[in-house]
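upload.csv (CSV, C-alpha atoms) appears below.
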```csv
chain,number,residue,atom,x,y,z
A,1,MET,CA,210.1,148.4,246.2
A,2,SER,CA,208.0,147.0,249.1
A,3,GLY,CA,204.5,148.4,249.5
A,4,VAL,CA,203.0,147.7,252.9
A,5,SER,CA,205.8,145.9,254.7
A,6,PRO,CA,208.0,146.2,257.8
A,7,ALA,CA,210.3,148.5,255.8
A,8,ILE,CA,207.8,151.4,256.2
A,9,VAL,CA,207.9,151.6,260.0
A,10,ALA,CA,211.3,153.2,260.6
A,11,PRO,CA,211.1,156.0,258.0
A,12,LEU,CA,207.5,156.7,258.8
A,13,LEU,CA,208.1,157.1,262.6
A,14,ALA,CA,211.2,159.2,261.9
A,15,TRP,CA,209.1,161.5,259.7
A,16,TYR,CA,206.4,161.7,262.3
A,17,ASP,CA,208.9,162.6,265.0
A,18,GLU,CA,210.4,165.4,262.9
A,19,GLY,CA,207.2,167.5,262.8
A,20,HIS,CA,203.7,166.2,263.2
A,21,ARG,CA,200.8,168.6,263.7
A,22,ASP,CA,200.3,170.0,267.2
A,23,LEU,CA,196.7,168.9,268.1
A,24,PRO,CA,195.1,169.4,271.5
A,25,TRP,CA,194.2,165.7,272.0
A,26,ARG,CA,197.8,164.7,271.2
A,27,ALA,CA,199.3,166.9,273.9
A,28,VAL,CA,197.5,165.1,276.7
A,29,PRO,CA,196.4,161.7,275.2
A,30,THR,CA,194.3,160.4,278.0
A,31,PRO,CA,191.8,157.6,277.0
A,32,TYR,CA,188.8,159.9,277.3
A,33,ARG,CA,190.4,162.7,275.3
A,34,VAL,CA,191.5,160.3,272.5
A,35,TRP,CA,188.1,158.8,272.4
A,36,VAL,CA,186.2,162.1,272.2
A,37,SER,CA,188.6,163.4,269.5
A,38,GLU,CA,188.3,160.3,267.4
A,39,ILE,CA,184.5,160.4,267.5
A,40,MET,CA,184.5,164.2,266.6
A,41,LEU,CA,186.9,163.6,263.7
A,42,GLN,CA,184.7,161.1,262.0
A,43,GLN,CA,183.4,162.8,258.9
A,44,THR,CA,184.8,166.2,260.1
A,45,ARG,CA,187.9,168.2,259.3
A,46,VAL,CA,190.6,168.6,262.0
A,47,GLU,CA,190.5,172.4,261.9
A,48,ALA,CA,186.7,172.3,262.5
A,49,VAL,CA,187.1,170.0,265.5
A,50,ARG,CA,189.7,172.0,267.5
A,51,SER,CA,187.4,174.6,269.0
A,52,TYR,CA,184.6,172.0,269.6
A,53,PHE,CA,187.1,169.7,271.4
A,54,ASP,CA,188.3,172.5,273.7
A,55,ARG,CA,184.8,173.6,274.6
A,56,TRP,CA,183.7,170.0,275.2
A,57,MET,CA,186.6,169.3,277.5
A,58,GLN,CA,185.9,172.5,279.5
A,59,ALA,CA,182.3,171.6,280.0
A,60,LEU,CA,182.6,167.8,280.3
A,61,PRO,CA,186.1,167.0,281.4
A,62,ASP,CA,185.7,163.3,282.1
A,63,ILE,CA,183.4,160.3,281.5
A,64,PRO,CA,181.3,160.7,284.7
A,65,ALA,CA,180.6,164.3,283.7
A,66,LEU,CA,179.5,163.3,280.3
A,67,ALA,CA,177.3,160.4,281.7
A,68,ALA,CA,175.6,162.9,284.1
A,69,ALA,CA,175.0,165.6,281.5
A,70,ASP,CA,171.6,166.5,280.3
A,71,GLU,CA,170.8,165.9,276.7
A,72,ALA,CA,170.5,169.6,276.0
A,73,VAL,CA,174.0,170.2,277.3
A,74,TYR,CA,175.9,167.7,275.1
A,75,MET,CA,173.7,168.3,272.1
A,76,LYS,CA,174.4,172.1,272.3
A,77,LEU,CA,178.2,171.4,272.6
A,78,TRP,CA,177.9,169.3,269.4
A,79,GLU,CA,175.8,171.8,267.5
A,80,GLY,CA,177.2,172.2,264.0
A,81,LEU,CA,179.4,169.1,263.9
A,82,GLY,CA,176.6,167.1,262.3
A,83,TYR,CA,176.0,163.3,262.3
A,84,TYR,CA,174.3,163.7,265.7
A,85,SER,CA,174.0,160.0,266.4
A,86,ARG,CA,177.7,160.2,267.2
A,87,VAL,CA,177.1,162.4,270.3
A,88,ARG,CA,174.1,160.3,271.4
A,89,ASN,CA,176.3,157.2,271.3
A,90,LEU,CA,179.1,159.0,273.2
A,91,HIS,CA,176.6,159.7,276.0
A,92,ARG,CA,175.3,156.1,275.9
A,93,ALA,CA,178.8,154.7,276.0
A,94,ALA,CA,179.8,157.0,278.9
A,95,CYS,CA,176.8,155.7,280.9
A,96,GLU,CA,177.9,152.1,280.2
A,97,VAL,CA,181.5,152.9,281.1
A,98,CYS,CA,180.3,154.3,284.5
A,99,GLU,CA,178.1,151.3,285.1
A,100,GLN,CA,180.6,148.6,284.0
A,101,TYR,CA,184.1,150.0,284.4
A,102,GLY,CA,183.9,152.6,287.2
A,103,GLY,CA,184.0,155.6,284.9
A,104,GLU,CA,187.3,154.7,283.1
A,105,LEU,CA,187.6,153.3,279.6
A,106,PRO,CA,188.8,149.7,279.7
A,107,ALA,CA,192.3,149.0,278.4
A,108,ASP,CA,191.0,146.2,276.2
A,109,TYR,CA,190.3,146.3,272.5
A,110,ALA,CA,187.3,143.9,272.6
A,111,LYS,CA,185.6,145.8,275.4
A,112,LEU,CA,186.2,149.1,273.7
A,113,LEU,CA,184.7,147.7,270.5
A,114,ALA,CA,181.6,146.7,272.4
A,115,LEU,CA,180.7,150.2,273.4
A,116,PRO,CA,178.0,152.1,271.5
A,117,GLY,CA,179.3,154.0,268.5
A,118,VAL,CA,182.8,152.5,268.7
A,119,GLY,CA,183.9,150.7,265.6
A,120,GLU,CA,187.2,148.9,264.7
A,121,TYR,CA,189.0,152.1,263.8
A,122,THR,CA,188.0,154.0,267.0
A,123,ALA,CA,188.7,151.0,269.2
A,124,GLY,CA,192.1,150.6,267.6
A,125,ALA,CA,192.9,154.3,268.0
A,126,VAL,CA,192.0,154.4,271.7
A,127,ALA,CA,193.7,151.1,272.4
A,128,SER,CA,197.0,152.0,270.7
A,129,ILE,CA,197.3,155.7,271.4
A,130,ALA,CA,195.9,155.8,275.0
A,131,PHE,CA,196.9,152.3,276.2
A,132,GLY,CA,199.8,151.3,274.0
A,133,LEU,CA,198.2,148.1,272.8
A,134,PRO,CA,199.5,146.8,269.4
A,135,VAL,CA,196.3,147.2,267.5
A,136,PRO,CA,195.9,148.9,264.1
A,137,ALA,CA,193.6,151.8,263.5
A,138,VAL,CA,192.6,151.7,259.8
A,139,ASP,CA,190.4,154.6,258.5
A,140,GLY,CA,190.0,156.1,255.1
A,141,ASN,CA,193.3,157.9,255.2
A,142,VAL,CA,195.1,154.6,256.0
A,143,LEU,CA,193.3,152.7,253.4
A,144,ARG,CA,194.3,155.3,250.8
A,145,VAL,CA,198.0,155.1,251.9
A,146,ALA,CA,197.9,151.3,251.7
A,147,ALA,CA,196.3,151.3,248.2
A,148,ARG,CA,199.0,153.5,246.9
A,149,LEU,CA,201.9,151.7,248.6
A,150,ASP,CA,200.7,148.4,247.1
A,151,ASN,CA,199.5,149.8,243.8
A,152,ASP,CA,196.3,148.0,244.6
A,153,LEU,CA,193.3,148.4,242.2
A,154,THR,CA,190.8,146.7,244.5
A,155,PRO,CA,187.9,149.1,245.3
A,156,ILE,CA,188.6,150.8,248.7
A,157,THR,CA,185.1,150.1,249.8
A,158,ASP,CA,185.5,146.3,249.4
A,159,ALA,CA,185.0,144.7,252.8
A,160,GLY,CA,187.7,142.1,252.1
A,161,TYR,CA,190.2,144.7,251.2
A,162,LYS,CA,189.7,146.5,254.5
A,163,LYS,CA,190.0,143.3,256.5
A,164,ARG,CA,193.2,142.4,254.7
A,165,THR,CA,194.7,145.8,255.3
A,166,ARG,CA,193.9,145.7,259.0
A,167,ALA,CA,195.6,142.3,259.2
A,168,ARG,CA,198.7,143.6,257.4
A,169,PHE,CA,199.1,146.7,259.6
A,170,ALA,CA,198.5,144.6,262.7
A,171,ALA,CA,201.5,142.6,261.8
A,172,LEU,CA,203.6,145.8,261.6
A,173,MET,CA,202.7,147.3,265.0
A,174,PRO,CA,205.9,148.0,267.0
A,175,ALA,CA,205.4,146.9,270.6
A,176,ASP,CA,206.9,150.1,271.9
A,177,ARG,CA,205.1,152.6,269.7
A,178,PRO,CA,201.8,151.3,268.2
A,179,GLY,CA,200.0,154.5,268.8
A,180,ASP,CA,202.7,156.6,267.2
A,181,LEU,CA,202.6,154.3,264.1
A,182,ASN,CA,198.9,154.6,263.8
A,183,GLN,CA,199.0,158.4,264.2
A,184,ALA,CA,201.9,158.6,261.7
A,185,LEU,CA,199.8,156.7,259.1
A,186,MET,CA,196.8,159.0,259.8
A,187,GLU,CA,199.1,162.1,259.5
A,188,LEU,CA,200.6,160.9,256.3
A,189,GLY,CA,197.2,160.4,254.7
A,190,ALA,CA,195.9,163.8,256.0
A,191,THR,CA,198.9,166.0,255.0
A,192,VAL,CA,200.9,164.3,252.2
A,193,CYS,CA,199.2,161.2,250.7
A,194,LEU,CA,196.1,163.4,250.0
A,195,PRO,CA,192.8,162.3,248.4
A,196,ASN,CA,191.2,163.2,245.1
A,197,GLY,CA,194.2,162.7,242.9
A,198,ALA,CA,196.5,165.1,244.7
A,199,PRO,CA,199.3,163.1,246.5
A,200,ARG,CA,202.4,165.1,247.4
A,201,CYS,CA,204.8,162.2,246.5
A,202,ALA,CA,207.9,164.4,246.5
A,203,ASP,CA,207.3,165.1,250.2
A,204,CYS,CA,206.5,161.5,251.2
A,205,PRO,CA,208.9,159.6,253.5
A,206,LEU,CA,207.7,156.4,251.9
A,207,GLN,CA,208.1,157.4,248.2
A,208,HIS,CA,211.0,154.9,247.7
A,209,LEU,CA,208.7,152.1,248.9
A,210,CYS,CA,205.5,153.1,247.1
A,211,LEU,CA,204.5,150.9,244.2
A,212,GLY,CA,201.8,153.3,243.2
A,213,CYS,CA,204.3,156.1,242.8
A,214,HIS,CA,206.8,153.8,241.0
A,215,HIS,CA,204.1,152.7,238.5
A,216,GLY,CA,202.7,156.2,238.1
A,217,ASN,CA,199.4,155.3,239.5
A,218,ALA,CA,199.4,157.2,242.8
A,219,ALA,CA,197.0,159.9,241.6
A,220,MET,CA,194.4,157.5,240.4
A,221,LEU,CA,194.4,155.4,243.6
A,222,PRO,CA,192.5,154.3,245.5
A,223,VAL,CA,189.8,152.9,243.2
A,224,ARG,CA,186.3,153.7,244.4
A,225,ALA,CA,183.0,152.2,243.4
A,226,ALA,CA,180.7,154.7,241.7
A,227,LYS,CA,178.6,156.6,244.3
A,228,LYS,CA,174.9,156.5,244.2
A,229,ALA,CA,173.5,160.0,243.4
A,230,ARG,CA,172.1,161.8,246.5
A,231,ARG,CA,168.4,162.4,246.6
A,232,VAL,CA,167.4,166.1,246.3
A,233,GLU,CA,164.6,167.4,248.5
A,234,ASN,CA,163.1,170.9,247.9
A,235,ARG,CA,162.0,172.6,251.1
A,236,THR,CA,160.6,176.0,252.2
A,237,VAL,CA,162.1,177.0,255.5
A,238,LEU,CA,160.2,179.4,257.8
A,239,LEU,CA,161.8,181.9,260.2
A,240,ALA,CA,158.6,182.5,262.2
A,241,ARG,CA,158.4,185.4,264.6
A,242,CYS,CA,155.8,186.1,267.2
A,243,GLY,CA,156.8,189.4,268.8
A,244,PRO,CA,160.4,189.1,269.7
A,245,LEU,CA,160.4,185.3,269.8
A,246,VAL,CA,161.4,182.7,267.2
A,247,GLY,CA,159.4,179.5,266.5
A,248,ILE,CA,161.2,176.2,266.4
A,249,ARG,CA,160.1,172.6,266.7
A,250,ARG,CA,161.4,169.1,267.4
A,251,ARG,CA,162.1,166.8,264.5
A,252,PRO,CA,160.8,163.2,264.7
A,253,ALA,CA,162.6,160.8,267.0
A,254,LYS,CA,163.8,158.7,264.1
A,255,GLY,CA,165.4,159.5,260.8
A,256,LEU,CA,167.5,162.4,259.6
A,257,LEU,CA,168.5,164.8,262.4
A,258,ALA,CA,166.4,162.7,264.7
A,259,GLY,CA,165.1,164.6,267.8
A,260,LEU,CA,166.9,167.8,267.1
A,261,TRP,CA,165.3,171.3,267.0
A,262,GLU,CA,164.7,172.8,263.6
A,263,LEU,CA,163.1,175.8,261.9
A,264,PRO,CA,159.7,174.7,260.6
A,265,ALA,CA,159.5,173.9,256.9
A,266,LEU,CA,157.1,173.0,254.1
A,267,ALA,CA,157.7,170.5,251.4
A,268,GLY,CA,158.7,171.9,248.0
A,269,HIS,CA,159.7,175.4,246.8
A,270,LEU,CA,156.6,177.5,247.5
A,271,SER,CA,156.0,180.9,246.1
A,272,PRO,CA,155.0,183.6,248.6
A,273,GLU,CA,151.3,183.1,247.6
A,274,GLU,CA,151.6,179.3,247.9
A,275,ALA,CA,153.3,179.6,251.3
A,276,ARG,CA,150.6,182.0,252.7
A,277,ALA,CA,147.9,179.7,251.5
A,278,ALA,CA,149.6,176.6,253.0
A,279,LEU,CA,150.1,178.3,256.4
A,280,ALA,CA,146.6,179.7,256.5
A,281,ALA,CA,145.3,176.2,256.0
A,282,GLN,CA,147.3,175.2,259.1
A,283,GLY,CA,145.8,178.1,261.1
A,284,TRP,CA,148.8,180.4,261.0
A,285,GLN,CA,147.8,184.1,261.1
A,286,VAL,CA,150.6,185.6,258.9
A,287,GLN,CA,150.9,189.4,259.2
A,288,LYS,CA,154.1,189.7,257.1
A,289,LEU,CA,156.0,187.4,254.8
A,290,LEU,CA,159.4,188.4,253.3
A,291,SER,CA,161.7,186.3,251.1
A,292,LEU,CA,165.1,185.1,252.5
A,293,ARG,CA,168.1,184.1,250.5
A,294,PRO,CA,168.0,180.4,249.3
A,295,ALA,CA,170.5,177.9,250.7
A,296,LYS,CA,171.6,174.3,250.1
A,297,HIS,CA,172.8,171.7,252.6
A,298,ILE,CA,174.4,168.4,251.7
A,299,PHE,CA,174.0,165.3,253.9
A,300,THR,CA,175.5,161.9,253.1
A,301,HIS,CA,172.6,160.6,251.0
A,302,VAL,CA,170.3,163.6,250.5
A,303,GLU,CA,170.6,167.3,249.6
A,304,TRP,CA,168.2,169.9,250.9
A,305,HIS,CA,167.6,172.8,248.4
A,306,MET,CA,165.9,175.4,250.5
A,307,ASN,CA,164.2,178.7,249.9
A,308,GLY,CA,162.9,180.6,252.9
A,309,TYR,CA,160.6,183.2,254.3
A,310,TYR,CA,160.8,185.6,257.3
A,311,ILE,CA,157.3,185.5,258.8
A,312,GLU,CA,155.6,187.7,261.5
A,313,LEU,CA,152.6,186.1,263.2
A,314,ALA,CA,149.7,187.6,265.0
A,315,THR,CA,149.5,184.7,267.5
A,316,PRO,CA,151.7,181.6,268.2
A,317,PRO,CA,150.4,178.6,266.2
A,318,ASP,CA,150.2,175.1,267.6
A,319,GLY,CA,153.2,172.8,267.2
A,320,LEU,CA,155.9,175.4,267.7
A,321,THR,CA,158.0,176.4,270.7
A,322,PHE,CA,158.8,180.1,270.8
A,323,VAL,CA,162.2,181.1,272.3
A,324,SER,CA,164.2,184.3,272.3
A,325,PRO,CA,167.2,184.6,269.8
A,326,ALA,CA,169.6,184.6,272.8
A,327,ALA,CA,168.1,181.4,274.1
A,328,LEU,CA,168.2,179.8,270.7
A,329,ARG,CA,171.9,180.5,270.5
A,330,ALA,CA,172.7,179.4,274.0
A,331,ASP,CA,170.4,176.5,274.8
A,332,TYR,CA,169.0,174.8,271.7
A,333,ALA,CA,171.0,172.6,269.4
A,334,LEU,CA,170.0,173.7,265.9
A,335,PRO,CA,171.6,171.8,262.9
A,336,SER,CA,173.9,173.8,260.7
A,337,ALA,CA,171.5,173.3,257.8
A,338,PHE,CA,169.4,176.1,259.1
A,339,ARG,CA,172.2,178.6,259.9
A,340,ALA,CA,171.8,180.4,256.6
A,341,PHE,CA,168.3,181.6,257.6
A,342,LEU,CA,169.3,183.0,261.0
A,343,SER,CA,171.4,185.9,259.8
A,344,VAL,CA,168.5,188.4,260.3
A,345,ILE,CA,168.4,187.7,264.0
A,346,GLU,CA,172.2,187.2,264.7
A,347,GLU,CA,172.6,190.6,266.4
A,348,GLU,CA,169.5,190.3,268.6
A,349,THR,CA,169.9,189.7,272.3
```

Kindly present the structure from the file in structure tokens form.
Amino acid sequence: MSGVSPAIVAPLLAWYDEGHRDLPWRAVPTPYRVWVSEIMLQQTRVEAVRSYFDRWMQALPDIPALAAADEAVYMKLWEGLGYYSRVRNLHRAACEVCEQYGGELPADYAKLLALPGVGEYTAGAVASIAFGLPVPAVDGNVLRVAARLDNDLTPITDAGYKKRTRARFAALMPADRPGDLNQALMELGATVCLPNGAPRCADCPLQHLCLGCHHGNAAMLPVRAAKKARRVENRTVLLARCGPLVGIRRRPAKGLLAGLWELPALAGHLSPEEARAALAAQGWQVQKLLSLRPAKHIFTHVEWHMNGYYIELATPPDGLTFVSPAALRADYALPSAFRAFLSVIEEET
């Protein structure tokens, strides 16, 4: 029994070679494609990323194209992926790469790490997969695999544990295939050494080396510190119409969903009478108000519990931008939190 040791490298690479997932960024692993895919995959499932990645590459095929793109373009391409600071940092980094490195990512781990939005994992993934540098890429999947291999009861969020794990995998990187080893570890965590107490140990190429499996602890690992409960915010969302147009507004430049377009909302869960009174106080001339189906959206640290109203207005109130449903779909990045309230205009052109 070995845990994380050089003994894992050969069986893991052989397993990866036998049949890893066919992913579009793996087919042509240029530095730009690897970088964009890794940023998209943060906090997002692989299957959700596929279509976004293809659309992105068609619209912005290289770093100079991204650097030159208007904010509305790259934000619309990102619409629905969430964690929008990721795409803003992608654009900032692309501009820096054009200014400092002639529009090509540097084949240097430290220089990659210095780019906006690039952490140790992303820098390691790009360095190893795209440039063949012997650098580890340790994400949540890899930390989980390591905890089970070692039967390690240290909380996975412990900073020292992550640092030690990076150092141990750095020592294992094969000079000829560092990118493949990193991808094999990611693949194992994503498809076999699954989270939430559901490892498929019988299908694992490292079962014979896994101390967690040997001791019967794989399902309980990794250990996680108790999460702080998310804050719940009650909101009343307004699908406001003035003739054929829909009213939207910009969110504040800082904070949650900073700078994105949104459907206007009022604090709390307001009854129809309360909503009418609140809007009248703001100068809205409401002609019709109909209830919409409630919805919930979960962010990392907060939950929005939303009820909603479809509203027809006599005149456009101050503070809103009115656009056609077609323009809303094509040109404005609206967070997925509001999608549930758009069904009544989905078929409008």

Report the closest atom pair, with its distance in Å rounded to one decimal, for each residue of range 4-87 of chain A that has an atom no farther than 12 Å from range 337-348 of chain A; count only C-alpha atoms, sort by chain and then rising residue number, and write it as JSON lines.
```
{"residue": "A:Glu79", "atom": "CA", "partner": "A:Ala337", "partner_atom": "CA", "distance": 10.7}
{"residue": "A:Gly80", "atom": "CA", "partner": "A:Ala337", "partner_atom": "CA", "distance": 8.5}
{"residue": "A:Leu81", "atom": "CA", "partner": "A:Ala337", "partner_atom": "CA", "distance": 10.8}
{"residue": "A:Gly82", "atom": "CA", "partner": "A:Ala337", "partner_atom": "CA", "distance": 9.2}
{"residue": "A:Tyr83", "atom": "CA", "partner": "A:Ala337", "partner_atom": "CA", "distance": 11.9}
```

Do a neighbour search on range 171-182 of chain A at 7 Å with all atoms listed in the file, toss out local chain neighbours closer than 3 positions, and write the hits as a list in words. Pro6, Leu13, Ser128, Ile129, Gly132, Leu133, Pro134, Val135, Pro136, Ala137, Ala167, Arg168, Leu185 and Met186 of chain A

Include C-alpha atoms and write out the residues we just selected as a JSON list (two decimals), keeping the file's coordinate frame.
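Result file follows (part.json):
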```json
[["chain", "number", "residue", "atom", "x", "y", "z"],
["A", 6, "PRO", "CA", 208.00, 146.20, 257.80],
["A", 13, "LEU", "CA", 208.10, 157.10, 262.60],
["A", 128, "SER", "CA", 197.00, 152.00, 270.70],
["A", 129, "ILE", "CA", 197.30, 155.70, 271.40],
["A", 132, "GLY", "CA", 199.80, 151.30, 274.00],
["A", 133, "LEU", "CA", 198.20, 148.10, 272.80],
["A", 134, "PRO", "CA", 199.50, 146.80, 269.40],
["A", 135, "VAL", "CA", 196.30, 147.20, 267.50],
["A", 136, "PRO", "CA", 195.90, 148.90, 264.10],
["A", 137, "ALA", "CA", 193.60, 151.80, 263.50],
["A", 167, "ALA", "CA", 195.60, 142.30, 259.20],
["A", 168, "ARG", "CA", 198.70, 143.60, 257.40],
["A", 185, "LEU", "CA", 199.80, 156.70, 259.10],
["A", 186, "MET", "CA", 196.80, 159.00, 259.80]]
```

Closest to Trp261 in chain A among A:Thr321, A:Thr157, A:Gln58, A:Thr122, using all atoms listed in the file? A:Thr321

So that I can check the surroundings of range 283-288 of chain A, please list as an mmCIF file with C-alpha atoms, keeping the file's coordinate frame every protein, DNA and RNA residue that reaches within 8 Å of it, counting all atoms listed in the file and ignoring chain neighbours fewer than 2 positions away.
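Ended up saving to part_3.cif:
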```cif
data_model
loop_
_atom_site.group_PDB
_atom_site.id
_atom_site.type_symbol
_atom_site.label_atom_id
_atom_site.label_comp_id
_atom_site.auth_asym_id
_atom_site.auth_seq_id
_atom_site.Cartn_x
_atom_site.Cartn_y
_atom_site.Cartn_z
ATOM 1 C CA ARG A 276 150.600 182.000 252.700
ATOM 2 C CA LEU A 279 150.100 178.300 256.400
ATOM 3 C CA ALA A 280 146.600 179.700 256.500
ATOM 4 C CA ALA A 281 145.300 176.200 256.000
ATOM 5 C CA LEU A 290 159.400 188.400 253.300
ATOM 6 C CA TYR A 310 160.800 185.600 257.300
ATOM 7 C CA ILE A 311 157.300 185.500 258.800
ATOM 8 C CA GLU A 312 155.600 187.700 261.500
ATOM 9 C CA LEU A 313 152.600 186.100 263.200
ATOM 10 C CA ALA A 314 149.700 187.600 265.000
ATOM 11 C CA THR A 315 149.500 184.700 267.500
ATOM 12 C CA PRO A 316 151.700 181.600 268.200
ATOM 13 C CA PRO A 317 150.400 178.600 266.200
#
```

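Every protein, DNA or RNA residue with an atom at most 8 Å from Met40 in chain A, where all atoms listed in the file count and chain neighbours fewer than 3 positions away do not, is listed here: Val36, Ser37, Gln43, Thr44, Val49, Phe53, Leu81 and Arg86 of chain A.
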